[in-house]
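Participant: First the structure, which I've put down as structure tokens, then a few questions once you've had a look.
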Amino acid sequence: MEGWQNQAAYEVHDKGTTMSEFQAALKPIRNSPTNPHTLLPFANAGARTIPLGALYMVEHVDFRGGDPAVAEAAVAYVKALAESSQKEAGALRYDIYRRPAPRINHYEVVAAWTDSKAFDAHETAAHTLQFRNATAQGGRVWRVNLYDQRLYKAF
């Protein structure tokens with residue numbers, strides 16, 4: 001994942017020598033076209049310093065597509081999850097990004113905790129469980145990917 005100050009900065013990078021060299025280096029092993037996904041800040045907190053050894057999580061969350069009412073109803077649940085998670089003890093980062101229209105039912109969560117104990121506390125926190133229950137399959141605001149989480153440790 002990359003973050004850019006604005007669209008112009010991204011475009012300079014994307015058309016630059018470094019990106020061209022990177023794409024050329026990948027060409028021999030690529031078996032499909034690139035598939036970049038643009039994300040926009042949705043529910044983000046201020047930047048904080050994250051120490052080595054932190055536990056990172058990247059999670060994709062998407063809601064049943066095709067129905068604008070579902071995408072709109074999901075907004076309050078996603079914002080509430082972010083606001084509560086950003087206040088957790090041990091949370092170093094909990095930022096949520098959203099795809100631009102028309103794919104506004106897709107979100108990416110980028111989070112970091114001090115350690116696995118803090119992550120486990122997040123997973124069992126009342127606000128996390130409330131979000132999962134409110135957006136369970138079959139409900140009015142139906143998440144279609146239940147737990148697409150990936151954990152990383154920074155060294």
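Lettering and numbering for the structure tokens are positional, with chains as A, B, ... in the shown order, residues counted from 1 in each chain, and ligands counted from 1 in the shown order.
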Going by DSSP on the backbone, which residues of segment 7-147 of chain A come out as alpha helix (DSSP H)? List them as an NGL selection string.
Facilitator: :A and (7-14 or 17-26 or 68-85 or 116-123 or 126-134)
Participant: Just checking: using only C-alpha atoms, which residue out of A:Ala154, A:Ala43, A:Ala80, A:Ala54 ends up closest to Ala126 of chain A?
Facilitator: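 Looking only at the distances to Ala126 of chain A, the closest residue turns out to be A:Ala80.
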Participant: Please extract the residues of segment 2-146 of chain A with a backbone DSSP assignment of strand (DSSP E or B) and present them as number ranges by chain.
Facilitator: A: 40-43, 55-63, 91-98, 106-113, 143
Participant: Would you work out the distance separating atom CA of Leu39 of chain A from atom CA of Leu129 of chain A, expressed in Å to one decimal?
Facilitator: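 Going from atom CA of Leu39 of chain A over to atom CA of Leu129 of chain A, I get 25.3 Å.
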Participant: Taking into account only C-alpha atoms, which residue in the set A:Arg150, A:Arg132, A:Lys79, A:Arg143 is nearest to Ala111 of chain A?
Facilitator: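 With only C-alpha atoms as the atom set, the closest residue is A:Arg150.
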